[in-house]
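Notes to accompany the following structure.
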Amino acid sequence: MKLINYLLFFSSLSFFRSFKLIYYLNSKNKTDILFYYPQYLSHQSSLPKCIVPLIKSIKKNNLSFIVIEEPNLYQRKPLTKKADSFDFLWILVIIFRKFYKGNDYGKIDVKIGTLLSKILCVNRDIKNIITISQSLQSFFKGMFPNASLYDYQHGLISLKYNGYVCENSVAKHIINNKSNVLLYGTDFQNKLLNSKGGKYFKKHSFVIGSTSFKEYGRPKKSFNGSILFSLQFTQSHSRKINEFLLDKTIKFFDEIESNKLNFNIYIKSHPRFDNCISIDNLYNYKFVKNAPNDLEHCFRICSLHITEYSSVLFNSIRAGIPTLLTRFSNRLNIYEDEYGFPCNSLCLINDFDKINNDLFFNKLINKQLKWSKKLFEPYNEKKFIELFI
């Protein structure tokens with residue numbers, strides 16, 4: 001299977017197009033901003049929705065930029081038309097990693113970036129780099145040591161996995177790379193500031209809001225019998241965790257079936273799902289349906305959202321739809337443990353009568369709306385642009 005993936009990779013048009021980027025980097029011209037994102041974020045060969053408003057702001061202020069898409073070896077999609085291919089450089093990084101020993105992968109990537117900049121005669125003056133999900137930040141630190149590094153928040157910030165913080169301390173790679181973070185809201189910034197060594201974020205974190213934020217929708221008045229379920233099976237989890245979540249989901253569906261509850265569940269896979277585990281058996285239940293690709297379409301159909309810890313929770317609240325947590329794992333109960341999420345410890349099955357009560361339903365969504373407003377703020381173009389001019 002791996003061999004086939006590599007053959008498809010090397011024979012793709014995207015791979016041959018990626019050599020064009022080398023010529024671009026050889027030039028001594030200046031680029032104000034380099035955007036870099038993993039392919040799973042692209043939507044039907046279009047740029048990720050989260051960076052489109054940022055690019056519009058950059059254009060409006062006459063700043064030069066380039067958008068680069070990181071390939072996915074195991075789920076090849078057509079290259080986004082408005083992005084440059086990174087295939088050749090990406091495969092060089094993968095190959096060069098084989099020749100370095102040790103577990104400090106950040107330092108290894110910095111060395112690879114420095115080495116490749118010399119081998120490939122990189123002369124481009126890149127002033128700022130904005131990544132999503134911190135993709136290859138250490139590599140870019142080595143290739144463009146004078147560039148300012150930024151990462152735009154994608155998803156939830158938690159003490160339980162290594163991101164901007166690790167075990168309540170500023171993550172080592174953040175400090176080593178002198179990375180800056182662009183955040184959705186003030187409460188996320190406060191979380192970083194309150195971590196051990198959080199003073200670092202006083203000068204290195206900026207609240208620019210969420211580009212996916214739209215005006216708060218009118219809250220749904222009642223439960224309409226349709227539920228959106230944001231699944232959390234991802235390549236980022238170990239096989240064991242994915243199997244655990246699948247087992248819990250099946251037991252959850254079995255219980256719904258045995259209680260003869262009358263509703264439909266629309267299941268939506270995580271962007272990094274990449275077929276990491278087979279979920280075909282979930283569709284054996286009569287009440288399970290495949291959710292539309294477009295999230296806004298999902299919110300038009302459904303009036304309730306459930307998840308283990310997906311950041312779709314913020315989008316659902318913004319659309320006027322309350323969220324319940326599945327609580328399959330105590331370790332993954334991030335929203336309640338770290339953010340005090342108000343869902344009254346509700347269980348879809350045991351508290352179904354409450355959810356069907358319009359007065360209770362309205363109180364729930366209003367509580368969640370109030371809770372979300374300092375975590376999920378509207379995009380502020382002025383604050384974003386001020387960083388670069």
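Labels used: A, B, ... for chains in the order of the structure tokens, numbers from 1 for residues in each chain, and numbers from 1 for ligands as shown.
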
Region 186-319 of chain A: which residues are helix (DSSP H, G or I) by DSSP, as a PyMOL selection string?
-> chain A and resi 186-193+200-204+239-258+280-284+295-301+312-318

Residue subset to file, keeping N, CA and C atoms, as a short mmCIF file (atom, residue, chain, number, x, y, z; two decimals), in the first residue's frame:
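Below is the file that was written, part.cif:
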data_model
loop_
_atom_site.label_atom_id
_atom_site.label_comp_id
_atom_site.auth_asym_id
_atom_site.auth_seq_id
_atom_site.Cartn_x
_atom_site.Cartn_y
_atom_site.Cartn_z
N THR A 186 -10.14 36.06 23.91
CA THR A 186 -9.42 36.52 25.09
C THR A 186 -9.23 35.41 26.12
N ASP A 187 -10.23 34.55 26.30
CA ASP A 187 -10.10 33.49 27.30
C ASP A 187 -9.06 32.45 26.91
N PHE A 188 -8.87 32.22 25.62
CA PHE A 188 -7.78 31.34 25.19
C PHE A 188 -6.43 31.98 25.52
N GLN A 189 -6.32 33.27 25.30
CA GLN A 189 -5.08 33.98 25.64
C GLN A 189 -4.81 33.91 27.14
N ASN A 190 -5.86 34.11 27.95
CA ASN A 190 -5.69 34.04 29.41
C ASN A 190 -5.22 32.65 29.84
N LYS A 191 -5.71 31.63 29.17
CA LYS A 191 -5.29 30.26 29.48
C LYS A 191 -3.78 30.10 29.27
N LEU A 192 -3.28 30.66 28.17
CA LEU A 192 -1.85 30.59 27.88
C LEU A 192 -1.05 31.42 28.88
N LEU A 193 -1.54 32.61 29.21
CA LEU A 193 -0.84 33.48 30.15
C LEU A 193 -0.76 32.87 31.54
N TYR A 200 5.73 34.47 28.59
CA TYR A 200 6.19 34.46 27.20
C TYR A 200 5.09 34.96 26.26
N PHE A 201 3.85 34.57 26.57
CA PHE A 201 2.74 34.88 25.66
C PHE A 201 2.26 36.33 25.76
N LYS A 202 2.80 37.11 26.73
CA LYS A 202 2.42 38.53 26.80
C LYS A 202 2.80 39.26 25.52
N LYS A 203 3.97 38.89 24.99
CA LYS A 203 4.45 39.54 23.76
C LYS A 203 4.32 38.66 22.53
N HIS A 204 3.86 37.42 22.73
CA HIS A 204 3.85 36.47 21.61
C HIS A 204 2.47 35.87 21.34
N ARG A 239 -3.98 4.11 17.58
CA ARG A 239 -4.97 3.11 17.17
C ARG A 239 -5.86 2.73 18.36
N LYS A 240 -5.22 2.63 19.52
CA LYS A 240 -5.93 2.22 20.73
C LYS A 240 -7.03 3.22 21.09
N ILE A 241 -6.73 4.51 21.01
CA ILE A 241 -7.72 5.54 21.36
C ILE A 241 -8.86 5.55 20.34
N ASN A 242 -8.52 5.43 19.05
CA ASN A 242 -9.57 5.39 18.02
C ASN A 242 -10.49 4.18 18.22
N GLU A 243 -9.91 3.04 18.56
CA GLU A 243 -10.72 1.84 18.80
C GLU A 243 -11.60 2.02 20.04
N PHE A 244 -11.04 2.66 21.06
CA PHE A 244 -11.80 2.95 22.29
C PHE A 244 -13.01 3.84 21.97
N LEU A 245 -12.77 4.91 21.21
CA LEU A 245 -13.86 5.84 20.86
C LEU A 245 -14.91 5.16 19.99
N LEU A 246 -14.45 4.28 19.08
CA LEU A 246 -15.40 3.55 18.23
C LEU A 246 -16.26 2.61 19.07
N ASP A 247 -15.62 1.89 19.98
CA ASP A 247 -16.36 0.96 20.86
C ASP A 247 -17.40 1.71 21.69
N LYS A 248 -17.01 2.86 22.22
CA LYS A 248 -17.94 3.68 23.03
C LYS A 248 -19.09 4.21 22.17
N THR A 249 -18.78 4.59 20.93
CA THR A 249 -19.82 5.10 20.02
C THR A 249 -20.84 4.01 19.70
N ILE A 250 -20.34 2.81 19.45
CA ILE A 250 -21.24 1.67 19.15
C ILE A 250 -22.14 1.37 20.36
N LYS A 251 -21.56 1.36 21.55
CA LYS A 251 -22.37 1.12 22.76
C LYS A 251 -23.40 2.23 22.95
N PHE A 252 -23.01 3.45 22.65
CA PHE A 252 -23.90 4.60 22.74
C PHE A 252 -25.08 4.44 21.78
N PHE A 253 -24.79 4.02 20.54
CA PHE A 253 -25.84 3.81 19.54
C PHE A 253 -26.73 2.61 19.91
N ASP A 254 -26.11 1.58 20.49
CA ASP A 254 -26.90 0.42 20.94
C ASP A 254 -27.92 0.83 22.00
N GLU A 255 -27.47 1.70 22.90
CA GLU A 255 -28.35 2.16 23.98
C GLU A 255 -29.50 3.02 23.43
N ILE A 256 -29.18 3.85 22.45
CA ILE A 256 -30.23 4.67 21.80
C ILE A 256 -31.26 3.75 21.16
N GLU A 257 -30.76 2.72 20.47
CA GLU A 257 -31.64 1.77 19.78
C GLU A 257 -32.52 1.01 20.78
N SER A 258 -31.92 0.54 21.87
CA SER A 258 -32.69 -0.25 22.85
C SER A 258 -33.72 0.60 23.59
N ASP A 280 -17.70 1.87 9.06
CA ASP A 280 -18.84 1.42 8.24
C ASP A 280 -19.99 0.89 9.09
N ASN A 281 -19.65 0.20 10.20
CA ASN A 281 -20.71 -0.41 11.02
C ASN A 281 -21.59 0.63 11.72
N LEU A 282 -21.14 1.88 11.78
CA LEU A 282 -21.98 2.91 12.39
C LEU A 282 -23.23 3.19 11.54
N TYR A 283 -23.11 2.91 10.25
CA TYR A 283 -24.23 3.18 9.34
C TYR A 283 -25.26 2.04 9.35
N ASN A 284 -25.02 1.02 10.17
CA ASN A 284 -25.98 -0.09 10.29
C ASN A 284 -27.22 0.31 11.10
N LEU A 295 -20.70 22.66 6.78
CA LEU A 295 -21.13 22.76 8.18
C LEU A 295 -22.40 23.60 8.32
N GLU A 296 -22.50 24.67 7.54
CA GLU A 296 -23.70 25.53 7.62
C GLU A 296 -24.95 24.75 7.21
N HIS A 297 -24.78 23.85 6.24
CA HIS A 297 -25.90 22.99 5.83
C HIS A 297 -26.31 22.08 6.99
N CYS A 298 -25.31 21.57 7.70
CA CYS A 298 -25.59 20.72 8.88
C CYS A 298 -26.44 21.47 9.90
N PHE A 299 -26.09 22.74 10.11
CA PHE A 299 -26.80 23.53 11.12
C PHE A 299 -28.22 23.89 10.68
N ARG A 300 -28.45 23.90 9.38
CA ARG A 300 -29.83 24.15 8.91
C ARG A 300 -30.71 22.92 9.15
N ILE A 301 -30.08 21.73 9.12
CA ILE A 301 -30.83 20.48 9.31
C ILE A 301 -31.03 20.16 10.79
N VAL A 312 -16.03 22.14 16.72
CA VAL A 312 -17.30 22.46 16.04
C VAL A 312 -18.31 22.96 17.06
N LEU A 313 -18.07 22.64 18.32
CA LEU A 313 -18.92 23.12 19.41
C LEU A 313 -19.12 24.64 19.32
N PHE A 314 -18.04 25.39 19.04
CA PHE A 314 -18.14 26.85 18.95
C PHE A 314 -19.00 27.27 17.76
N ASN A 315 -18.82 26.58 16.64
CA ASN A 315 -19.62 26.90 15.45
C ASN A 315 -21.10 26.62 15.69
N SER A 316 -21.37 25.53 16.41
CA SER A 316 -22.77 25.17 16.66
C SER A 316 -23.45 26.20 17.57
N ILE A 317 -22.73 26.64 18.60
CA ILE A 317 -23.30 27.65 19.50
C ILE A 317 -23.53 28.95 18.74
N ARG A 318 -22.55 29.32 17.90
CA ARG A 318 -22.70 30.54 17.09
C ARG A 318 -23.94 30.46 16.20
#

Backbone-only DSSP, strand (DSSP E or B) members of region 184-282 of chain A, as a list in words:
Lys196, Ser205, Phe206, Val207, Ser210, Ser226, Ile227, Leu228, Phe229, Ser230, Asn264, Ile265, Tyr266, Ile267 and Lys268 of chain A

Those residues with N, CA and C atoms, as an mmCIF file, in the first residue's frame please?
data_model
loop_
_atom_site.group_PDB
_atom_site.id
_atom_site.type_symbol
_atom_site.label_atom_id
_atom_site.label_comp_id
_atom_site.auth_asym_id
_atom_site.auth_seq_id
_atom_site.Cartn_x
_atom_site.Cartn_y
_atom_site.Cartn_z
ATOM 1 N N LYS A 196 2.486 27.747 33.189
ATOM 2 C CA LYS A 196 3.833 27.930 33.735
ATOM 3 C C LYS A 196 4.734 28.521 32.648
ATOM 4 N N SER A 205 1.415 36.450 21.902
ATOM 5 C CA SER A 205 0.059 35.980 21.574
ATOM 6 C C SER A 205 -0.812 37.179 21.227
ATOM 7 N N PHE A 206 -1.657 36.988 20.208
ATOM 8 C CA PHE A 206 -2.474 38.088 19.698
ATOM 9 C C PHE A 206 -3.884 37.574 19.402
ATOM 10 N N VAL A 207 -4.871 38.218 19.989
ATOM 11 C CA VAL A 207 -6.264 37.833 19.741
ATOM 12 C C VAL A 207 -6.737 38.545 18.479
ATOM 13 N N SER A 210 -11.853 34.659 15.337
ATOM 14 C CA SER A 210 -12.001 33.504 14.442
ATOM 15 C C SER A 210 -12.536 33.954 13.092
ATOM 16 N N SER A 226 -33.262 16.179 14.964
ATOM 17 C CA SER A 226 -32.058 15.923 14.158
ATOM 18 C C SER A 226 -30.826 16.400 14.918
ATOM 19 N N ILE A 227 -29.817 15.516 15.007
ATOM 20 C CA ILE A 227 -28.619 15.772 15.814
ATOM 21 C C ILE A 227 -27.372 15.649 14.943
ATOM 22 N N LEU A 228 -26.473 16.622 15.054
ATOM 23 C CA LEU A 228 -25.166 16.534 14.402
ATOM 24 C C LEU A 228 -24.173 15.943 15.395
ATOM 25 N N PHE A 229 -23.462 14.891 14.979
ATOM 26 C CA PHE A 229 -22.465 14.237 15.829
ATOM 27 C C PHE A 229 -21.091 14.426 15.182
ATOM 28 N N SER A 230 -20.253 15.282 15.790
ATOM 29 C CA SER A 230 -18.887 15.505 15.294
ATOM 30 C C SER A 230 -17.973 14.428 15.864
ATOM 31 N N ASN A 264 -32.830 11.415 14.525
ATOM 32 C CA ASN A 264 -31.796 11.056 13.550
ATOM 33 C C ASN A 264 -30.470 11.669 13.966
ATOM 34 N N ILE A 265 -29.387 10.906 13.764
ATOM 35 C CA ILE A 265 -28.043 11.410 14.057
ATOM 36 C C ILE A 265 -27.259 11.500 12.749
ATOM 37 N N TYR A 266 -26.777 12.699 12.451
ATOM 38 C CA TYR A 266 -25.949 12.935 11.264
ATOM 39 C C TYR A 266 -24.488 12.950 11.703
ATOM 40 N N ILE A 267 -23.726 11.941 11.259
ATOM 41 C CA ILE A 267 -22.339 11.849 11.714
ATOM 42 C C ILE A 267 -21.400 12.540 10.721
ATOM 43 N N LYS A 268 -20.473 13.308 11.298
ATOM 44 C CA LYS A 268 -19.518 14.081 10.489
ATOM 45 C C LYS A 268 -18.105 13.742 10.932
#

Please list as an MDAnalysis selection string every residue within 8 Å of Ala83 (chain A), counting only C-alpha atoms and excluding residues in the same chain fewer than 3 positions away.
chainID A and resid 47 66:69 79:80

Keeping C-alpha atoms, export the residues of the selection given above as a PDB file, in the first residue's frame.
ATOM      1  CA  LEU A  47      -8.367  27.266   0.043  1.00  0.00           C
ATOM      2  CA  ILE A  66       2.362  33.178  -1.216  1.00  0.00           C
ATOM      3  CA  VAL A  67       0.111  30.288  -0.155  1.00  0.00           C
ATOM      4  CA  ILE A  68       1.664  26.810   0.109  1.00  0.00           C
ATOM      5  CA  GLU A  69      -0.191  23.529   0.648  1.00  0.00           C
ATOM      6  CA  LEU A  79      -3.922  20.580  -5.320  1.00  0.00           C
ATOM      7  CA  THR A  80      -5.862  23.692  -4.416  1.00  0.00           C
TER       8      THR A  80
END

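Going from CA of Cys347 (chain A) to CA of Leu304 (chain A) covers 12.5 Å.
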
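Across the structure, CA of Tyr36 (chain A) and CA of Ile94 (chain A) are spaced 16.9 Å apart.
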